[in-house]
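Below: final.txt (compact mmCIF, C-alpha atoms)
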```txt
# COMPACT_ATOMS: atom_id res chain seq x y z
CA MET L 1 50.02 75.47 -29.37
CA ASN L 2 47.44 77.00 -27.05
CA PRO L 3 49.23 79.94 -25.35
CA ALA L 4 47.59 79.07 -22.04
CA ALA L 5 49.12 75.59 -22.21
CA LEU L 6 52.61 77.09 -22.28
CA PHE L 7 52.25 78.17 -18.67
CA ASP L 8 50.16 75.27 -17.44
CA ILE L 9 51.57 73.74 -14.25
CA ARG L 10 48.31 72.36 -12.87
CA GLY L 11 48.93 69.26 -10.80
CA GLU L 12 52.67 69.76 -10.47
CA VAL L 13 54.16 69.46 -6.99
CA ALA L 14 56.43 72.35 -6.01
CA VAL L 15 58.74 72.83 -3.04
CA VAL L 16 59.76 76.39 -2.14
CA THR L 17 62.55 76.71 0.42
CA GLY L 18 62.50 79.98 2.29
CA GLY L 19 58.81 79.86 1.47
CA SER L 20 57.71 81.96 4.43
CA GLY L 21 59.94 84.93 3.53
CA VAL L 22 58.94 88.08 1.68
CA LEU L 23 59.92 86.76 -1.75
CA GLY L 24 59.39 83.09 -0.95
CA ALA L 25 55.76 83.64 0.01
CA THR L 26 55.14 85.28 -3.36
CA PHE L 27 56.76 82.33 -5.10
CA CYS L 28 54.44 79.98 -3.20
CA ARG L 29 51.31 82.00 -3.97
CA THR L 30 52.26 82.30 -7.65
CA LEU L 31 52.74 78.57 -8.09
CA ALA L 32 49.57 77.72 -6.17
CA ALA L 33 47.50 80.22 -8.16
CA ALA L 34 48.74 78.53 -11.34
CA GLY L 35 47.48 75.16 -10.08
CA ALA L 36 50.53 73.57 -8.48
CA PHE L 37 50.43 71.83 -5.10
CA VAL L 38 52.93 73.77 -3.00
CA ALA L 39 55.09 72.68 -0.06
CA VAL L 40 55.99 75.83 1.89
CA MET L 41 59.33 75.13 3.56
CA GLY L 42 60.94 77.27 6.26
CA ARG L 43 62.72 76.83 9.54
CA ARG L 44 59.67 77.70 11.66
CA ARG L 45 56.24 76.16 11.32
CA GLU L 46 54.12 79.20 12.22
CA PRO L 47 55.21 81.48 9.35
CA CYS L 48 54.86 78.57 6.91
CA GLU L 49 51.34 77.90 8.19
CA ALA L 50 50.48 81.56 7.66
CA VAL L 51 51.46 81.31 3.98
CA VAL L 52 49.51 78.07 3.62
CA ALA L 53 46.42 79.72 5.10
CA GLN L 54 46.72 82.56 2.61
CA ILE L 55 47.07 80.14 -0.31
CA ARG L 56 44.04 78.13 0.80
CA ALA L 57 42.03 81.31 1.19
CA GLU L 58 42.88 82.08 -2.44
CA GLY L 59 41.68 78.64 -3.55
CA GLY L 60 45.03 76.87 -3.78
CA GLU L 61 46.47 73.77 -2.15
CA ALA L 62 49.54 73.92 0.07
CA LEU L 63 51.36 72.16 2.88
CA ALA L 64 53.56 73.66 5.63
CA VAL L 65 56.86 71.82 5.93
CA PRO L 66 59.19 73.08 8.67
CA ALA L 67 62.79 72.14 7.83
CA ASP L 68 66.23 73.73 7.83
CA VAL L 69 67.88 73.55 4.39
CA LEU L 70 71.22 72.85 6.09
CA ASP L 71 69.87 69.80 7.95
CA GLY L 72 70.14 66.79 5.67
CA ALA L 73 68.05 64.51 7.88
CA ALA L 74 65.28 67.11 8.12
CA LEU L 75 65.29 67.53 4.33
CA ASP L 76 65.06 63.76 3.80
CA ALA L 77 62.13 63.55 6.21
CA ALA L 78 60.47 66.52 4.52
CA ALA L 79 60.85 64.89 1.10
CA ARG L 80 59.15 61.71 2.32
CA HIS L 81 56.32 63.69 3.91
CA ILE L 82 55.76 65.84 0.82
CA GLU L 83 55.68 62.89 -1.56
CA ALA L 84 53.30 60.96 0.69
CA THR L 85 50.98 63.95 1.03
CA LEU L 86 51.17 65.82 -2.29
CA GLY L 87 52.98 63.48 -4.67
CA PRO L 88 56.40 63.37 -6.37
CA VAL L 89 58.16 66.75 -6.47
CA THR L 90 58.55 68.15 -9.98
CA ILE L 91 59.42 71.79 -9.18
CA LEU L 92 62.01 73.08 -6.71
CA VAL L 93 62.50 76.78 -5.98
CA ASN L 94 65.50 77.47 -3.77
CA GLY L 95 64.38 80.66 -2.08
CA ALA L 96 66.31 80.20 1.16
CA GLY L 97 69.23 82.60 1.42
CA GLY L 98 70.32 85.96 2.72
CA ASN L 99 73.05 88.09 4.21
CA HIS L 100 74.34 88.51 7.77
CA PRO L 101 75.34 91.77 9.51
CA LYS L 102 78.57 90.20 10.79
CA ALA L 103 79.61 89.50 7.19
CA THR L 104 78.97 93.09 6.12
CA THR L 105 81.46 95.96 6.18
CA GLY L 106 80.48 99.41 7.41
CA PRO L 107 81.41 102.23 9.77
CA ASP L 108 81.69 99.80 12.69
CA ARG L 109 83.29 96.86 10.85
CA SER L 110 86.17 97.08 8.38
CA LEU L 111 87.26 94.40 5.94
CA PHE L 112 89.86 93.30 8.49
CA GLU L 113 87.23 92.82 11.18
CA LEU L 114 84.76 90.70 9.22
CA ASP L 115 83.71 87.76 11.35
CA PRO L 116 84.83 84.43 9.82
CA ALA L 117 81.84 82.66 11.34
CA GLY L 118 79.47 85.25 9.89
CA PHE L 119 81.17 84.98 6.50
CA GLY L 120 80.91 81.20 6.62
CA ALA L 121 77.27 81.34 7.68
CA VAL L 122 76.41 83.38 4.57
CA PHE L 123 78.15 80.83 2.34
CA ASP L 124 76.47 77.92 4.08
CA LEU L 125 72.99 79.40 3.82
CA ASN L 126 73.25 80.49 0.19
CA VAL L 127 75.46 77.80 -1.37
CA GLN L 128 74.97 74.69 0.78
CA GLY L 129 71.37 75.78 1.31
CA THR L 130 70.90 75.61 -2.46
CA LEU L 131 72.91 72.46 -3.11
CA ARG L 132 71.35 70.27 -0.43
CA PRO L 133 67.72 70.67 -1.55
CA CYS L 134 68.90 70.06 -5.12
CA GLN L 135 70.40 66.78 -3.94
CA VAL L 136 67.38 65.68 -1.92
CA PHE L 137 64.61 66.70 -4.33
CA GLY L 138 66.69 66.34 -7.48
CA ARG L 139 67.12 62.63 -6.79
CA GLY L 140 63.45 61.99 -7.55
CA MET L 141 63.61 64.19 -10.64
CA ALA L 142 66.58 62.18 -11.86
CA ALA L 143 64.74 58.90 -11.29
CA ARG L 144 61.69 60.13 -13.21
CA GLY L 145 63.63 62.00 -15.89
CA ARG L 146 61.88 65.34 -15.52
CA GLY L 147 61.71 68.39 -13.30
CA SER L 148 62.51 72.08 -13.00
CA ILE L 149 64.82 73.70 -10.46
CA VAL L 150 64.98 77.47 -10.00
CA ASN L 151 67.74 78.91 -7.82
CA ILE L 152 67.76 82.47 -6.53
CA THR L 153 70.87 84.55 -7.05
CA SER L 154 71.41 88.33 -6.95
CA MET L 155 72.63 91.41 -8.77
CA SER L 156 75.71 91.25 -6.54
CA ALA L 157 76.74 87.96 -8.16
CA GLU L 158 77.67 89.63 -11.46
CA ARG L 159 78.40 93.19 -10.31
CA PRO L 160 79.99 93.20 -6.85
CA LEU L 161 78.34 95.68 -4.51
CA THR L 162 80.04 97.54 -1.69
CA ARG L 163 79.83 96.17 1.85
CA VAL L 164 78.38 92.70 1.05
CA ALA L 165 81.51 90.73 0.11
CA ALA L 166 80.30 87.42 1.54
CA TYR L 167 76.82 87.67 0.05
CA GLY L 168 78.07 88.64 -3.41
CA ALA L 169 80.67 85.87 -3.47
CA ALA L 170 78.13 83.32 -2.26
CA LYS L 171 75.56 84.31 -4.88
CA ALA L 172 78.26 84.18 -7.58
CA ALA L 173 78.85 80.60 -6.46
CA VAL L 174 75.10 79.93 -6.83
CA VAL L 175 75.28 81.20 -10.43
CA ASN L 176 78.16 78.84 -11.21
CA LEU L 177 76.44 75.97 -9.42
CA THR L 178 73.24 76.59 -11.39
CA ARG L 179 75.05 76.36 -14.71
CA TRP L 180 76.98 73.28 -13.63
CA LEU L 181 73.81 71.55 -12.44
CA ALA L 182 71.98 72.43 -15.66
CA VAL L 183 74.60 70.62 -17.73
CA HIS L 184 75.04 67.72 -15.32
CA MET L 185 71.35 66.96 -14.89
CA ALA L 186 70.60 67.16 -18.61
CA GLN L 187 73.57 65.06 -19.67
CA ILE L 188 73.44 62.42 -16.95
CA TYR L 189 69.75 62.19 -16.02
CA GLY L 190 67.85 63.49 -19.03
CA PRO L 191 67.13 66.61 -21.09
CA HIS L 192 63.77 67.18 -19.41
CA ILE L 193 65.39 68.21 -16.12
CA ARG L 194 66.10 71.92 -16.24
CA VAL L 195 68.03 74.15 -13.83
CA ASN L 196 67.84 77.93 -14.05
CA ALA L 197 68.11 80.93 -11.76
CA LEU L 198 66.36 84.20 -11.07
CA ALA L 199 68.51 87.23 -10.29
CA PRO L 200 66.32 89.73 -8.47
CA GLY L 201 67.30 93.36 -8.42
CA PHE L 202 66.60 95.22 -5.21
CA PHE L 203 63.63 94.14 -3.12
CA LEU L 204 63.17 95.00 0.55
CA THR L 205 63.46 91.82 2.62
CA GLU L 206 64.18 91.10 6.27
CA GLN L 207 67.81 90.28 5.37
CA ASN L 208 68.63 93.57 3.62
CA ARG L 209 66.32 96.01 5.38
CA PHE L 210 69.09 97.07 7.78
CA LEU L 211 71.16 98.23 4.81
CA LEU L 212 68.46 99.96 2.79
CA THR L 213 66.17 101.65 5.29
CA ASP L 214 66.56 103.82 8.38
CA PRO L 215 64.54 102.16 11.18
CA ALA L 216 64.03 105.47 12.94
CA THR L 217 62.36 107.16 9.95
CA ASN L 218 61.42 104.17 7.76
CA THR L 219 62.95 106.02 4.81
CA LEU L 220 65.65 104.87 2.41
CA THR L 221 69.25 105.14 3.50
CA GLU L 222 71.85 106.77 1.27
CA ARG L 223 72.58 103.30 -0.10
CA GLY L 224 68.90 102.71 -0.80
CA ARG L 225 68.58 106.03 -2.61
CA ALA L 226 71.69 105.25 -4.69
CA ILE L 227 70.13 101.95 -5.77
CA VAL L 228 66.91 103.62 -6.91
CA THR L 229 68.92 106.27 -8.78
CA HIS L 230 70.87 103.55 -10.57
CA THR L 231 67.69 101.66 -11.53
CA PRO L 232 66.22 102.98 -14.80
CA MET L 233 62.70 102.15 -13.64
CA ALA L 234 63.41 104.39 -10.62
CA ARG L 235 62.03 102.11 -7.89
CA MET L 236 62.74 98.99 -5.93
CA GLY L 237 61.02 95.80 -6.94
CA ALA L 238 57.77 94.53 -5.50
CA PRO L 239 57.66 90.77 -4.81
CA GLU L 240 54.93 90.37 -7.45
CA ASP L 241 57.43 91.56 -10.09
CA LEU L 242 59.09 88.14 -9.85
CA ALA L 243 55.91 86.13 -10.44
CA GLY L 244 55.88 86.08 -14.23
CA ALA L 245 59.57 85.23 -14.55
CA LEU L 246 59.22 82.37 -12.08
CA LEU L 247 56.18 80.96 -13.84
CA PHE L 248 58.05 81.10 -17.16
CA LEU L 249 61.02 79.16 -15.80
CA VAL L 250 58.98 76.35 -14.21
CA SER L 251 56.46 75.90 -17.03
CA PRO L 252 56.50 74.33 -20.52
CA ALA L 253 57.02 77.86 -21.88
CA SER L 254 60.74 77.43 -21.11
CA ALA L 255 61.06 73.80 -22.23
CA PHE L 256 64.29 74.54 -24.14
CA VAL L 257 65.75 76.87 -21.50
CA THR L 258 68.33 75.61 -19.03
CA GLY L 259 71.44 77.07 -17.41
CA VAL L 260 70.27 80.68 -17.66
CA VAL L 261 70.22 83.44 -15.06
CA LEU L 262 67.23 85.71 -15.64
CA PRO L 263 67.55 89.24 -14.19
CA VAL L 264 64.41 90.89 -12.80
CA ASP L 265 65.94 94.19 -11.83
CA GLY L 266 64.21 97.18 -13.41
CA GLY L 267 67.21 97.65 -15.68
CA PHE L 268 69.82 97.89 -12.89
CA SER L 269 72.25 95.52 -14.62
CA ALA L 270 71.97 97.42 -17.92
CA GLN L 271 72.77 100.83 -16.42
CA SER L 272 76.41 101.91 -16.72
CA GLY L 273 75.95 104.95 -14.52
CA VAL L 274 76.74 107.34 -17.38
```

Is it possible to express this structure as structure tokens?
Amino acid sequence: MNPAALFDIRGEVAVVTGGSGVLGATFCRTLAAAGAFVAVMGRRREPCEAVVAQIRAEGGEALAVPADVLDGAALDAAARHIEATLGPVTILVNGAGGNHPKATTGPDRSLFELDPAGFGAVFDLNVQGTLRPCQVFGRGMAARGRGSIVNITSMSAERPLTRVAAYGAAKAAVVNLTRWLAVHMAQIYGPHIRVNALAPGFFLTEQNRFLLTDPATNTLTERGRAIVTHTPMARMGAPEDLAGALLFLVSPASAFVTGVVLPVDGGFSAQSGV
């Protein structure tokens, strides 16, 4: 087989939820650069349009689709609009997710003071916000018997981290959901529908910046420095570090890969600390 054909996704139609975020925008640009038509989905139109403009400037094709992943009616409308404009969706990347300060312990908030609404919001965004797009866009994949879904989990899913109880538990649920969906889709709707996940290590995003950097000095906090120390590659990830792994999971190169969680973490998960 031609090695280039292994990663050929030209003409595929991809939806990226959370597509206007730090990591989501890189997912969108990666897929578009590889020849896919990309629907950039986020809650606000303006940031999505900014990503679309960047993709078009780079020679790709993209569409801004404002929609909340927790709004079923908005997702249904988005699916109709995407199919009418770009074609049937064959790739779904569930990039929407994140943490919430009210669901995070710290000097000003103990375990016993965690806000139930904040805790629930983290679960809704990460778990329901992954499931619902899988239902909406997975329906078409099931009807056609092919497609690739990539969910985004976290290091905290496998190795619980201090302070982020809600986020870690929610991402652990995403791991379990990914594996369940991989089996269900293949057995019920066909072996050419694959569901996998990426598990990024530590990347600075708008959701975790308050934990990892000091806004007054723009330097790493003690927690941020501890993460870098525990990462054998001795740095945090750059969004582009996820590009190759994503392209592998959505392309023919991974045709016999489903139900896996692929770490992209600079060795963080391999380091015992000793």

Checklist line | Spatial neighbours of range 53-65 of chain L, max dist 12 Å, only C-alpha atoms, sep filter under 2 positions, as a PyMOL selection string | finding: chain L and resi 10-20+25-51+67-69+74-87

Margin query: as a ChimeraX atom specification, please: the residues near Gly106 in chain L (cut-off 12 Å, only C-alpha atoms, same-chain neighbours under 2 positions excluded).
Written below: /L:101-104,108-114,162-165,210-211,223

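With all atoms listed in the file as the atoms that count, the minimum distance from Ile193 in chain L to the choices L:Thr213, L:Gln128, L:Ser148, L:Asn99 is reached by L:Ser148.
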
Check: Given the choices L:Ala96, L:Leu70, L:Leu246, L:Ala234, which gets closest to Asp124 in chain L if the distance is worked out from all atoms listed in the file?
Finding: L:Leu70

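CA of Ala157 in chain L is positioned 21.0 Å from CA of Leu92 in chain L.
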
Residues at most 9 Å from Ala182 in chain L, counting all atoms listed in the file, excluding those fewer than 3 positions away in the same chain, as an mmCIF file with C-alpha atoms, in the coordinates of the input?
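Written file, result.cif:
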```cif
data_model
loop_
_atom_site.group_PDB
_atom_site.id
_atom_site.type_symbol
_atom_site.label_atom_id
_atom_site.label_comp_id
_atom_site.auth_asym_id
_atom_site.auth_seq_id
_atom_site.Cartn_x
_atom_site.Cartn_y
_atom_site.Cartn_z
ATOM 1 C CA ILE L 149 64.820 73.700 -10.460
ATOM 2 C CA LEU L 177 76.440 75.970 -9.420
ATOM 3 C CA THR L 178 73.240 76.590 -11.390
ATOM 4 C CA ARG L 179 75.050 76.360 -14.710
ATOM 5 C CA MET L 185 71.350 66.960 -14.890
ATOM 6 C CA ALA L 186 70.600 67.160 -18.610
ATOM 7 C CA GLN L 187 73.570 65.060 -19.670
ATOM 8 C CA ILE L 193 65.390 68.210 -16.120
ATOM 9 C CA ARG L 194 66.100 71.920 -16.240
ATOM 10 C CA VAL L 195 68.030 74.150 -13.830
ATOM 11 C CA ASN L 196 67.840 77.930 -14.050
ATOM 12 C CA THR L 258 68.330 75.610 -19.030
ATOM 13 C CA GLY L 259 71.440 77.070 -17.410
ATOM 14 C CA VAL L 260 70.270 80.680 -17.660
#
```

Next item on the list: Go through L:Ala5, L:Val174, L:Val22, L:Ala166 one by one, measure the shortest atom-to-atom distance of each to Asp115 in chain L using only C-alpha atoms, and give the residue with the smallest value.
Entry: L:Ala166

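When CA of Leu6 in chain L is paired with CA of Met236 in chain L, their separation reads 29.1 Å.
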
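Here CA of Asn2 in chain L and CA of Glu240 in chain L stand 24.9 Å from one another.
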